[in-house]
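Have a look at start.txt; it's compact mmCIF, C-alpha atoms and all ligand atoms:
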# COMPACT_ATOMS: atom_id res chain seq x y z
CA MET A 628 20.38 -4.12 16.75
CA TYR A 629 18.00 -7.03 17.31
CA LYS A 630 17.73 -10.02 15.04
CA SER A 631 15.99 -9.00 11.84
CA LEU A 632 12.37 -9.79 11.10
CA CYS A 633 13.15 -11.06 7.63
CA GLU A 634 15.76 -13.43 9.03
CA GLU A 635 13.31 -14.70 11.64
CA TYR A 636 10.72 -15.59 8.98
CA ASN A 637 13.18 -16.49 6.25
CA SER A 638 11.95 -20.06 5.87
CA TYR A 639 8.31 -18.92 5.58
CA PHE A 640 7.87 -15.66 3.67
CA ASN A 641 9.45 -12.35 2.71
CA VAL A 642 8.95 -9.59 5.26
CA GLY A 643 8.67 -6.11 3.80
CA ALA A 644 7.67 -2.54 4.56
CA ALA A 645 6.25 0.47 2.80
CA LEU A 646 8.67 3.37 2.93
CA CYS A 647 7.78 6.95 2.11
CA SER A 648 10.05 9.10 -0.02
CA PHE A 649 10.78 11.44 2.85
CA PHE A 650 13.25 8.91 4.20
CA LEU A 651 15.14 8.72 0.91
CA MET A 652 15.60 12.46 0.41
CA ASN A 653 19.08 13.85 -0.18
CA GLU A 654 20.08 17.45 0.62
CA ASN A 655 18.75 18.81 -2.71
CA ASP A 656 15.45 17.02 -2.28
CA ILE A 657 15.08 18.45 1.21
CA ASN A 658 15.81 21.96 -0.01
CA SER A 659 13.25 21.84 -2.77
CA TYR A 660 10.76 20.23 -0.40
CA ILE A 661 11.22 23.16 2.00
CA GLU A 662 10.87 25.63 -0.88
CA ASN A 663 7.60 24.02 -1.94
CA ILE A 664 6.24 24.08 1.57
CA ASN A 665 7.26 27.70 2.01
CA SER A 666 5.58 28.82 -1.19
CA TYR A 667 2.49 26.86 -0.23
CA LEU A 668 2.44 28.56 3.17
CA LEU A 669 2.87 31.93 1.53
CA GLN A 670 -0.10 31.21 -0.70
CA ILE A 671 -2.28 30.38 2.30
CA LYS A 672 -1.05 33.45 4.12
CA ASN A 673 -1.91 35.64 1.13
CA ASN A 674 -5.41 34.23 1.31
CA ASN A 675 -5.57 35.35 4.93
CA LYS A 676 -5.77 31.83 6.27
CA LYS A 677 -4.25 30.88 9.60
CA ILE A 678 -0.97 29.01 9.28
CA LYS A 679 0.95 26.90 11.72
CA GLY A 680 4.40 27.55 10.24
CA ALA A 681 6.74 25.28 8.33
CA PRO A 682 7.74 22.00 9.89
CA ASN A 683 11.33 21.80 11.05
CA ILE A 684 12.53 19.43 8.37
CA GLU A 685 16.08 19.08 9.68
CA LYS A 686 14.83 18.08 13.09
CA LEU A 687 12.31 15.69 11.63
CA ARG A 688 15.04 14.15 9.55
CA ASN A 689 17.35 13.62 12.52
CA ASP A 690 14.49 11.98 14.33
CA THR A 691 13.95 9.59 11.48
CA ILE A 692 17.40 8.14 10.88
CA GLU A 693 16.42 5.03 12.75
CA VAL A 694 13.49 4.44 10.40
CA LEU A 695 15.98 4.15 7.58
CA ASN A 696 18.17 1.82 9.62
CA TYR A 697 15.18 -0.39 10.38
CA ALA A 698 14.17 -0.33 6.74
CA LYS A 699 17.57 -1.71 5.79
CA HIS A 700 17.92 -4.17 8.64
CA HIS A 701 14.52 -5.78 9.14
CA PHE A 702 13.03 -6.09 5.68
CA ASN A 703 13.97 -7.93 2.52
CA VAL A 704 11.20 -6.21 0.52
CA ILE A 705 10.57 -2.49 0.11
CA VAL A 706 7.54 -0.83 -1.47
CA PRO A 707 7.13 2.91 -2.13
CA GLU A 708 4.26 4.01 0.10
CA ASN A 709 3.09 6.72 -2.30
CA ASP A 710 5.77 7.45 -4.83
CA ALA A 711 4.91 4.88 -7.47
CA LYS A 712 1.29 6.01 -7.71
CA MET A 713 0.27 7.31 -11.11
CA GLN A 714 -0.66 10.78 -9.87
CA TYR A 715 2.97 11.58 -9.07
CA LEU A 716 4.57 10.00 -12.13
CA TYR A 717 2.47 10.40 -15.26
CA LEU A 718 2.82 13.92 -16.63
CA PRO A 719 0.18 15.61 -18.83
CA ASN A 720 2.56 15.55 -21.82
CA GLY A 721 2.54 11.75 -21.64
CA GLU A 722 6.03 11.50 -20.16
CA ILE A 723 6.87 9.72 -16.94
CA ASP A 724 8.87 11.23 -14.12
CA PHE A 725 11.26 8.47 -13.04
CA THR A 726 12.96 10.47 -10.29
CA TRP A 727 11.47 8.73 -7.27
CA PRO A 728 11.07 5.20 -8.62
CA ASP A 729 14.77 5.37 -9.61
CA LYS A 730 15.68 6.23 -6.03
CA TYR A 731 13.74 3.25 -4.70
CA VAL A 732 15.42 0.96 -7.23
CA GLU A 733 18.81 2.23 -6.12
CA PHE A 734 17.94 1.94 -2.43
CA ALA A 735 16.73 -1.64 -2.80
CA LYS A 736 19.81 -2.63 -4.81
CA MET A 737 22.18 -1.08 -2.31
CA ASN A 738 20.56 -2.97 0.51
CA ASN A 739 20.06 -6.22 -1.31
CA GLN A 740 16.28 -6.01 -1.12
CA LYS A 741 13.47 -6.88 -3.49
CA LEU A 742 11.20 -4.10 -4.72
CA ARG A 743 7.44 -4.13 -5.12
CA TRP A 744 5.47 -1.68 -7.25
CA HIS A 745 2.33 -0.04 -5.82
CA THR A 746 0.27 0.59 -7.94
CA LEU A 747 -0.54 0.77 -11.66
CA VAL A 748 -4.32 1.20 -11.95
CA TRP A 749 -6.34 2.73 -9.13
CA HIS A 750 -9.27 5.16 -8.90
CA ASN A 751 -7.41 7.24 -6.28
CA GLN A 752 -4.18 9.19 -6.64
CA VAL A 753 -4.55 9.18 -10.40
CA PRO A 754 -3.93 12.32 -12.52
CA GLU A 755 -7.17 13.88 -13.77
CA TRP A 756 -5.72 14.71 -17.21
CA ILE A 757 -5.57 11.06 -18.15
CA PHE A 758 -9.37 10.88 -18.42
CA HIS A 759 -9.85 14.12 -20.35
CA ASN A 760 -9.45 15.73 -23.75
CA ASP A 761 -7.97 19.22 -24.02
CA ASN A 762 -11.46 20.74 -23.96
CA ASN A 763 -12.13 18.94 -20.66
CA THR A 764 -14.63 16.43 -22.04
CA TYR A 765 -13.95 12.78 -21.23
CA CYS A 766 -11.54 11.11 -23.64
CA SER A 767 -12.51 8.07 -25.67
CA LYS A 768 -12.05 4.46 -24.59
CA ILE A 769 -9.38 4.03 -27.29
CA GLU A 770 -7.45 7.08 -26.11
CA LEU A 771 -7.55 6.06 -22.45
CA GLU A 772 -6.42 2.54 -23.29
CA LYS A 773 -3.55 3.99 -25.34
CA ARG A 774 -2.48 6.19 -22.41
CA LEU A 775 -2.63 3.34 -19.93
CA ARG A 776 -0.78 0.94 -22.18
CA ASN A 777 1.91 3.53 -22.86
CA TYR A 778 2.32 4.09 -19.11
CA ILE A 779 2.71 0.40 -18.37
CA SER A 780 5.04 -0.37 -21.27
CA THR A 781 7.29 2.64 -20.56
CA LEU A 782 7.64 1.56 -16.94
CA GLY A 783 8.33 -2.01 -18.03
CA ALA A 784 11.06 -0.90 -20.44
CA ARG A 785 12.85 0.78 -17.55
CA TYR A 786 12.11 -1.42 -14.55
CA LYS A 787 11.24 -4.90 -15.72
CA ASN A 788 14.35 -6.39 -14.12
CA ASP A 789 14.00 -4.42 -10.90
CA ILE A 790 10.46 -5.15 -9.74
CA TYR A 791 9.55 -8.64 -8.58
CA SER A 792 5.90 -7.96 -7.73
CA ILE A 793 3.37 -5.41 -8.99
CA ASP A 794 -0.04 -4.27 -7.78
CA VAL A 795 -1.60 -4.10 -11.23
CA VAL A 796 -5.11 -3.17 -10.08
CA ASN A 797 -5.86 -1.72 -6.65
CA GLU A 798 -9.21 -1.69 -4.79
CA CYS A 799 -11.50 -2.45 -7.74
CA ILE A 800 -14.33 -4.14 -5.81
CA SER A 801 -17.27 -1.98 -4.72
CA ASP A 802 -18.00 -1.73 -0.99
CA ASN A 803 -21.70 -1.32 -1.72
CA PHE A 804 -22.49 -3.62 -4.62
CA PHE A 805 -19.59 -6.12 -4.40
CA CYS A 806 -18.98 -6.09 -8.13
CA VAL A 807 -16.39 -4.04 -10.01
CA ARG A 808 -16.72 -0.43 -8.85
CA ASN A 809 -17.81 2.19 -11.36
CA GLY A 810 -17.76 5.96 -11.58
CA ALA A 811 -20.35 6.33 -8.82
CA GLU A 812 -17.58 4.98 -6.59
CA LYS A 813 -14.87 6.99 -8.28
CA SER A 814 -13.65 4.62 -11.01
CA LYS A 815 -13.42 6.51 -14.27
CA TRP A 816 -11.44 3.54 -15.59
CA PHE A 817 -14.66 1.55 -15.46
CA ASP A 818 -16.85 4.30 -16.89
CA ILE A 819 -14.63 4.96 -19.89
CA ILE A 820 -13.11 1.56 -20.70
CA GLY A 821 -15.68 -0.77 -19.14
CA LYS A 822 -15.11 -3.69 -16.80
CA ASP A 823 -12.40 -5.21 -18.97
CA TYR A 824 -9.94 -2.45 -18.08
CA ILE A 825 -8.87 -4.94 -15.42
CA GLN A 826 -8.13 -7.76 -17.79
CA LYS A 827 -6.40 -5.45 -20.26
CA ALA A 828 -4.20 -3.98 -17.54
CA PHE A 829 -3.03 -7.48 -16.61
CA PHE A 830 -2.25 -8.45 -20.21
CA TRP A 831 -0.31 -5.25 -20.83
CA THR A 832 1.58 -5.62 -17.56
CA LYS A 833 2.53 -9.19 -18.45
CA GLU A 834 3.95 -7.95 -21.76
CA ALA A 835 5.89 -5.20 -20.01
CA PHE A 836 7.05 -7.15 -16.95
CA PRO A 837 7.17 -10.78 -18.07
CA ASN A 838 8.97 -12.03 -14.97
CA SER A 839 7.11 -10.20 -12.19
CA ASN A 840 4.28 -11.45 -10.01
CA LEU A 841 1.07 -9.71 -11.02
CA VAL A 842 -1.20 -8.83 -8.12
CA ILE A 843 -4.78 -7.70 -7.62
CA ASN A 844 -4.92 -5.85 -4.29
CA ASP A 845 -7.89 -4.98 -2.06
CA TYR A 846 -9.07 -4.33 1.50
CA SER A 847 -11.69 -5.81 3.86
CA LEU A 848 -11.94 -9.09 1.96
CA GLU A 849 -11.54 -10.94 5.27
CA SER A 850 -14.13 -8.96 7.22
CA ASN A 851 -16.75 -8.48 4.51
CA ILE A 852 -17.99 -11.78 3.15
CA ASN A 853 -19.98 -10.13 0.34
CA LYS A 854 -16.93 -8.27 -0.86
CA ARG A 855 -14.85 -11.46 -0.62
CA ASN A 856 -17.41 -13.30 -2.76
CA GLY A 857 -17.43 -10.42 -5.25
CA MET A 858 -13.66 -10.63 -5.60
CA TYR A 859 -13.92 -14.41 -5.96
CA ARG A 860 -16.41 -14.07 -8.82
CA LEU A 861 -14.20 -11.55 -10.59
CA LEU A 862 -11.11 -13.73 -10.19
CA LYS A 863 -12.91 -16.76 -11.58
CA GLU A 864 -13.90 -14.77 -14.66
CA LEU A 865 -10.37 -13.46 -15.09
CA LEU A 866 -8.88 -16.93 -14.78
CA VAL A 867 -11.38 -18.45 -17.22
CA ALA A 868 -10.33 -15.73 -19.69
CA LYS A 869 -6.69 -16.80 -19.13
CA THR A 870 -5.73 -13.43 -17.65
CA PRO A 871 -2.10 -13.47 -16.47
CA ILE A 872 -2.81 -12.88 -12.79
CA ASP A 873 -1.01 -15.00 -10.22
CA THR A 874 -1.41 -13.31 -6.83
CA ILE A 875 -3.98 -11.62 -4.63
CA GLY A 876 -2.91 -8.98 -2.12
CA LEU A 877 -4.89 -8.86 1.12
CA GLN A 878 -4.14 -5.39 2.48
CA MET A 879 -4.83 -6.46 6.09
CA HIS A 880 -5.47 -3.08 7.70
CA VAL A 881 -6.94 -4.79 10.75
CA SER A 882 -7.44 -4.06 14.43
CA ILE A 883 -6.61 -5.76 17.69
CA ASN A 884 -9.82 -7.81 17.80
CA ASN A 885 -11.16 -7.90 14.27
CA PRO A 886 -11.53 -9.66 11.94
CA LEU A 887 -11.28 -13.10 13.54
CA ILE A 888 -8.43 -15.39 12.53
CA SER A 889 -11.04 -17.86 11.29
CA GLU A 890 -12.31 -15.25 8.78
CA ILE A 891 -8.76 -14.53 7.64
CA GLU A 892 -8.10 -18.26 7.19
CA GLU A 893 -11.30 -18.73 5.21
CA THR A 894 -10.27 -15.90 2.91
CA ILE A 895 -6.77 -17.28 2.36
CA LYS A 896 -8.13 -20.77 1.66
CA MET A 897 -10.81 -19.51 -0.71
CA PHE A 898 -8.37 -17.61 -2.93
CA GLY A 899 -5.67 -20.23 -2.51
CA ASP A 900 -8.09 -22.81 -3.94
CA LEU A 901 -8.18 -20.77 -7.15
CA GLY A 902 -4.49 -21.55 -7.54
CA LEU A 903 -3.44 -18.00 -6.67
CA LYS A 904 -0.61 -17.02 -4.34
CA ILE A 905 -1.52 -14.75 -1.41
CA ILE A 906 0.45 -11.82 -0.11
CA ILE A 907 -0.34 -9.70 2.93
CA SER A 908 0.29 -6.39 1.25
CA GLU A 909 -0.35 -3.54 3.75
CA LEU A 910 -0.36 -4.97 7.27
CA ASP A 911 -1.05 -2.83 10.34
CA VAL A 912 -3.01 -3.49 13.54
CA SER A 913 -4.96 -0.46 14.76
CA ILE A 914 -5.70 -0.03 18.46
CA TYR A 915 -9.19 1.21 17.54
CA GLU A 916 -12.27 -0.91 16.89
CA ASP A 917 -14.05 1.31 14.38
CA ASN A 918 -17.16 0.38 12.49
CA HIS A 919 -16.45 1.69 9.00
CA GLU A 920 -19.74 0.53 7.52
CA GLU A 921 -21.80 2.43 10.12
CA LYS A 922 -19.20 5.21 10.35
CA ILE A 923 -18.82 4.81 14.12
CA PHE A 924 -15.30 5.72 15.18
CA GLU A 925 -13.73 5.50 18.63
CA PRO A 926 -12.35 8.62 20.30
CA GLU A 927 -8.58 8.88 20.90
CA LYS A 928 -7.28 6.33 23.41
CA VAL A 929 -4.43 6.37 25.86
CA ILE A 930 -1.90 3.80 24.69
CA THR A 931 -1.59 1.63 27.80
CA SER A 932 0.79 -1.26 28.28
CA GLU A 933 -2.25 -3.52 28.51
CA LEU A 934 -3.27 -2.44 25.02
CA LEU A 935 0.22 -3.04 23.68
CA THR A 936 0.29 -6.52 25.21
CA LYS A 937 -3.02 -7.30 23.53
CA GLN A 938 -1.65 -6.01 20.26
CA ALA A 939 1.42 -8.21 20.64
CA ALA A 940 -0.81 -11.27 21.08
CA ARG A 941 -2.78 -10.24 18.00
CA TYR A 942 0.36 -9.87 15.88
CA TYR A 943 1.48 -13.28 17.13
CA GLU A 944 -1.74 -15.01 16.14
CA LEU A 945 -1.67 -13.31 12.74
CA PHE A 946 1.89 -14.46 12.09
CA GLU A 947 1.09 -18.02 13.23
CA CYS A 948 -1.72 -18.04 10.67
CA PHE A 949 0.54 -16.61 7.94
CA LYS A 950 3.19 -19.25 8.73
CA LYS A 951 0.65 -22.02 8.37
CA TYR A 952 -0.28 -20.94 4.84
CA ALA A 953 3.32 -20.20 3.91
CA LYS A 954 4.11 -23.83 4.78
CA GLU A 955 1.36 -24.91 2.43
CA GLY A 956 3.03 -22.90 -0.31
CA ILE A 957 0.16 -20.39 -0.59
CA LEU A 958 1.37 -17.29 1.24
CA THR A 959 4.63 -15.71 0.10
CA ASP A 960 5.04 -12.17 1.49
CA VAL A 961 4.05 -10.14 4.56
CA ILE A 962 4.46 -6.40 4.02
CA PHE A 963 3.91 -3.82 6.77
CA TRP A 964 2.32 -0.50 5.82
CA GLY A 965 5.02 1.61 7.46
CA ILE A 966 7.67 1.13 10.12
CA THR A 967 7.08 3.41 13.13
CA ASP A 968 3.76 4.50 14.64
CA ARG A 969 4.65 8.15 14.24
CA PHE A 970 4.55 8.02 10.46
CA SER A 971 1.62 5.64 10.03
CA TRP A 972 -1.24 6.76 7.76
CA ARG A 973 -3.60 5.50 10.44
CA ASN A 974 -2.91 8.59 12.56
CA ASN A 975 -5.09 10.33 9.98
CA PHE A 976 -7.51 7.62 8.96
CA PRO A 977 -10.44 7.28 9.42
CA ILE A 978 -10.13 10.40 11.60
CA LYS A 979 -7.58 13.18 11.22
CA ASN A 980 -5.05 13.58 14.05
CA ARG A 981 -6.27 10.66 16.15
CA LYS A 982 -3.08 9.01 17.39
CA ASP A 983 -2.93 5.33 16.50
CA ALA A 984 -0.18 2.81 17.24
CA PRO A 985 -0.56 0.09 14.61
CA LEU A 986 3.05 -0.93 13.84
CA LEU A 987 5.97 -2.72 15.53
CA PHE A 988 7.98 0.38 16.49
CA ASP A 989 6.62 3.21 18.65
CA ARG A 990 6.57 6.96 18.00
CA LYS A 991 10.12 7.31 19.31
CA GLY A 992 11.33 4.42 17.19
CA ASN A 993 11.59 1.86 20.00
CA PRO A 994 10.53 -1.74 19.40
CA LYS A 995 7.14 -2.49 20.97
CA PRO A 996 5.91 -5.66 22.73
CA ALA A 997 4.55 -6.82 19.35
CA PHE A 998 8.06 -6.73 17.91
CA PHE A 999 9.45 -8.86 20.73
CA LYS A 1000 6.60 -11.31 20.38
CA LEU A 1001 7.48 -11.82 16.70
CA ILE A 1002 11.21 -12.19 17.26
CA LYS A 1003 12.19 -15.16 19.34
CA GLU A 1004 15.78 -14.73 20.46
C1 LIG B 1 -4.78 2.00 0.65
C2 LIG B 1 -3.86 2.08 -0.55
C3 LIG B 1 -2.48 2.54 -0.16
C4 LIG B 1 -2.50 3.68 0.80
C5 LIG B 1 -3.35 3.35 1.98
C6 LIG B 1 -3.26 4.49 2.92
O1 LIG B 1 -4.61 0.89 1.40
O2 LIG B 1 -3.72 0.86 -1.23
O3 LIG B 1 -1.81 2.97 -1.28
O4 LIG B 1 -2.98 4.83 0.17
O5 LIG B 1 -4.65 3.11 1.51
O6 LIG B 1 -1.93 4.87 3.16

Can you dump the structure from the file as structure tokens?
Amino acid sequence: MYKSLCEEYNSYFNVGAALCSFFLMNENDINSYIENINSYLLQIKNNNKKIKGAPNIEKLRNDTIEVLNYAKHHFNVIVPENDAKMQYLYLPNGEIDFTWPDKYVEFAKMNNQKLRWHTLVWHNQVPEWIFHNDNNTYCSKIELEKRLRNYISTLGARYKNDIYSIDVVNECISDNFFCVRNGAEKSKWFDIIGKDYIQKAFFWTKEAFPNSNLVINDYSLESNINKRNGMYRLLKELLVAKTPIDTIGLQMHVSINNPLISEIEETIKMFGDLGLKIIISELDVSIYEDNHEEKIFEPEKVITSELLTKQAARYYELFECFKKYAKEGILTDVIFWGITDRFSWRNNFPIKNRKDAPLLFDRKGNPKPAFFKLIKE
């Protein structure tokens, strides 16, 4: 195997990757996964819908062994891609299902890696019950705060020594108004608790995980100056109120041309000046230049070697920029949102089934030009 990415950047920052639970499944997990899929397919069939048939899990699994090997070899940080989101863990009876987080803890320990938690409070992938009373009306502010605090403290009691960095609040800035998003943009946290759900979440997380880095995480802060300013205003308020927040996560779902490195640098400097650490929390480099604001999306492209060379140059300039701010003591982690192109979420976002190639390893698991550009033998 090639030299590892985390070794290459050892003197600058941690290099991590999001890993989905599929790769950590044992035989029992696979069997129950197949059972679930089969009963789901049966349900659709009974409703007379067209079905494609169950995926061949065994084959898929054989094809994915190398993802696991890369996960162990190249990265010194692992983050569950989906399996630490509240929707999958917090049960309506108030208990927490630790099954998958436990597996990630074990995996990281076995491979001598650090573990990040993604994410505690978010308006997406959150269980609906948490906002409701039994009669389906919205619960009170006091009740919701109690439920959130219980969630955070129960997780802390179990994992406080296992998690070095936590996304406490994810994607809280509005894309339209650049202040804290409310229920019109899906945040029932805001509607029921009010804006200070953010501050409270940080205080409760500090109590529960006293030694972890506490992160606020968001997207498009580099490309959208209004959103960046909105986040800046919020952070200033939080810091004035002595909120225990120490890090901002820039997701960095970018593309080959945009945003410009100068915009990325401005963003890093602006938040760095607040005394916060910066992490790149969800890096990938799409081959498409979509305009999300205007909803103009490119049709599927052929992945040419010219495109891959351009992507390699883009990854190189990004890493040069990250190194610069790591040297200044501002930037501490670079986390990829996935490992191989085949399993990247960007194959389904912003358009379903449009093949993208945003990561360092291709659909067959081979290292791409971008990988070789980042590793200097
Ligand atoms: C956002 C979230 C992640 C993930 C990606 C898509 O960036 O923070 O949890 O859902 O979208 O995979």

(message) Here is a test: counting only C-alpha atoms and all ligand atoms, which residue of A:Tyr943, A:Trp964, A:Tyr629, A:Phe830 is nearest to ligand LIG 1 (chain B)?
(response)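 Of A:Tyr943, A:Trp964, A:Tyr629, A:Phe830, the one nearest ligand LIG 1 (chain B) is A:Trp964, counting only C-alpha atoms and all ligand atoms.
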
(request) Measuring atom to atom with all atoms listed in the file, identify which of A:Lys815, A:Arg973, A:Lys982, A:Lys863 is nearest to ligand LIG 1 (chain B). (result)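 Among the listed residues, the smallest separation from ligand LIG 1 (chain B) belongs to A:Arg973.
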
(message) Neighbours of ligand LIG 1 (chain B) at 12 Å or closer, counting all atoms listed in the file: which residues, as a PyMOL selection string?
(response) chain A and resi 645-647+706-714+744-753+794-799+843-847+876-881+907-911+962-965+970-977

(request) Measure the distance from atom CA of Asp789 of chain A to atom CA of Lys736 of chain A in Å and round it to one decimal. (result)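 Separation between atom CA of Asp789 of chain A and atom CA of Lys736 of chain A: 8.6 Å.
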
(request) Fewer than 6 positions away in the same chain doesn't count, so skip those; otherwise give me all residues within 10 Å of Asn803 of chain A, counting all atoms listed in the file, as a VMD selection string. (result) chain A and resid 812 853 to 854 920

(request) Kindly give the distance, in Å, that separates atom CA of Gly643 of chain A and atom CA of Gly992 of chain A, rounded to a single decimal. (result)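 Interatomic distance here is 17.2 Å.
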
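Around Ala868 of chain A, within 12 Å and counting all atoms listed in the file, the residues found are Asp823, Ile825, Gln826, Lys827, Phe829, Phe830, Leu861, Leu862 and Lys863 of chain A, once anything fewer than 5 positions away on its own chain is removed.
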
(request) Find the distance between atom CA of Asn663 of chain A and atom CA of Trp756 of chain A and write it in Å to one decimal. (result)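 One can read the atom CA of Asn663 of chain A to atom CA of Trp756 of chain A distance as 22.3 Å.
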
(message) Give me the residues near Lys950 of chain A as a PyMOL selection string, where near means some atom within 8 Å (using all atoms listed in the file) and where sequence neighbours in that chain fewer than 6 positions away do not count.
(response) chain A and resi 639-640+958

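With all atoms listed in the file as the atoms that count, the minimum distance from Ala644 of chain A to the choices A:Tyr660, A:Tyr697, A:Phe758, A:Phe998 is reached by A:Tyr697.
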
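Proximity ranking of A:Leu934, A:Ile895, A:Met858, A:Ile661 relative to Ser882 of chain A places A:Leu934 first, based on only C-alpha atoms.
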
(message) Applying 12 Å and only C-alpha atoms, which residues near Gly899 of chain A remain after dropping the ones on its own chain fewer than 3 positions away? List them as a list in words.
(response)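 So the residues in contact are Tyr859, Leu862, Asp873, Thr874, Ile875, Gly876, Leu877, Glu892, Glu893, Thr894, Ile895, Lys896, Gly902, Leu903, Lys904, Ile905, Ile906, Tyr952, Ala953, Glu955, Gly956, Ile957, Leu958 and Thr959 of chain A.
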
(request) Go through A:Ser792, A:Ser932, A:Asn856, A:Asn655 and flag the residue nearest Ile705 of chain A, using all atoms listed in the file for the distances. (result)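 For Ile705 of chain A, the nearest of the candidates is A:Ser792.
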
(message) When you count all atoms listed in the file, which of these residues is closest to Tyr731 of chain A: A:Ser648, A:Val807, A:Gly783, A:Val694?
(response)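 Answer, going by the shortest atom-to-atom distance: A:Ser648.
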
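By all atoms listed in the file, and with residues fewer than 4 positions from segment 769-773 of chain A along its chain excluded, the set lying at most 10 Å from it is Ile757, Phe758, His759, Asn760, Tyr765, Asn777, Tyr778, Trp816, Ile819, Ile820, Tyr824, Lys827 and Ala828 of chain A.
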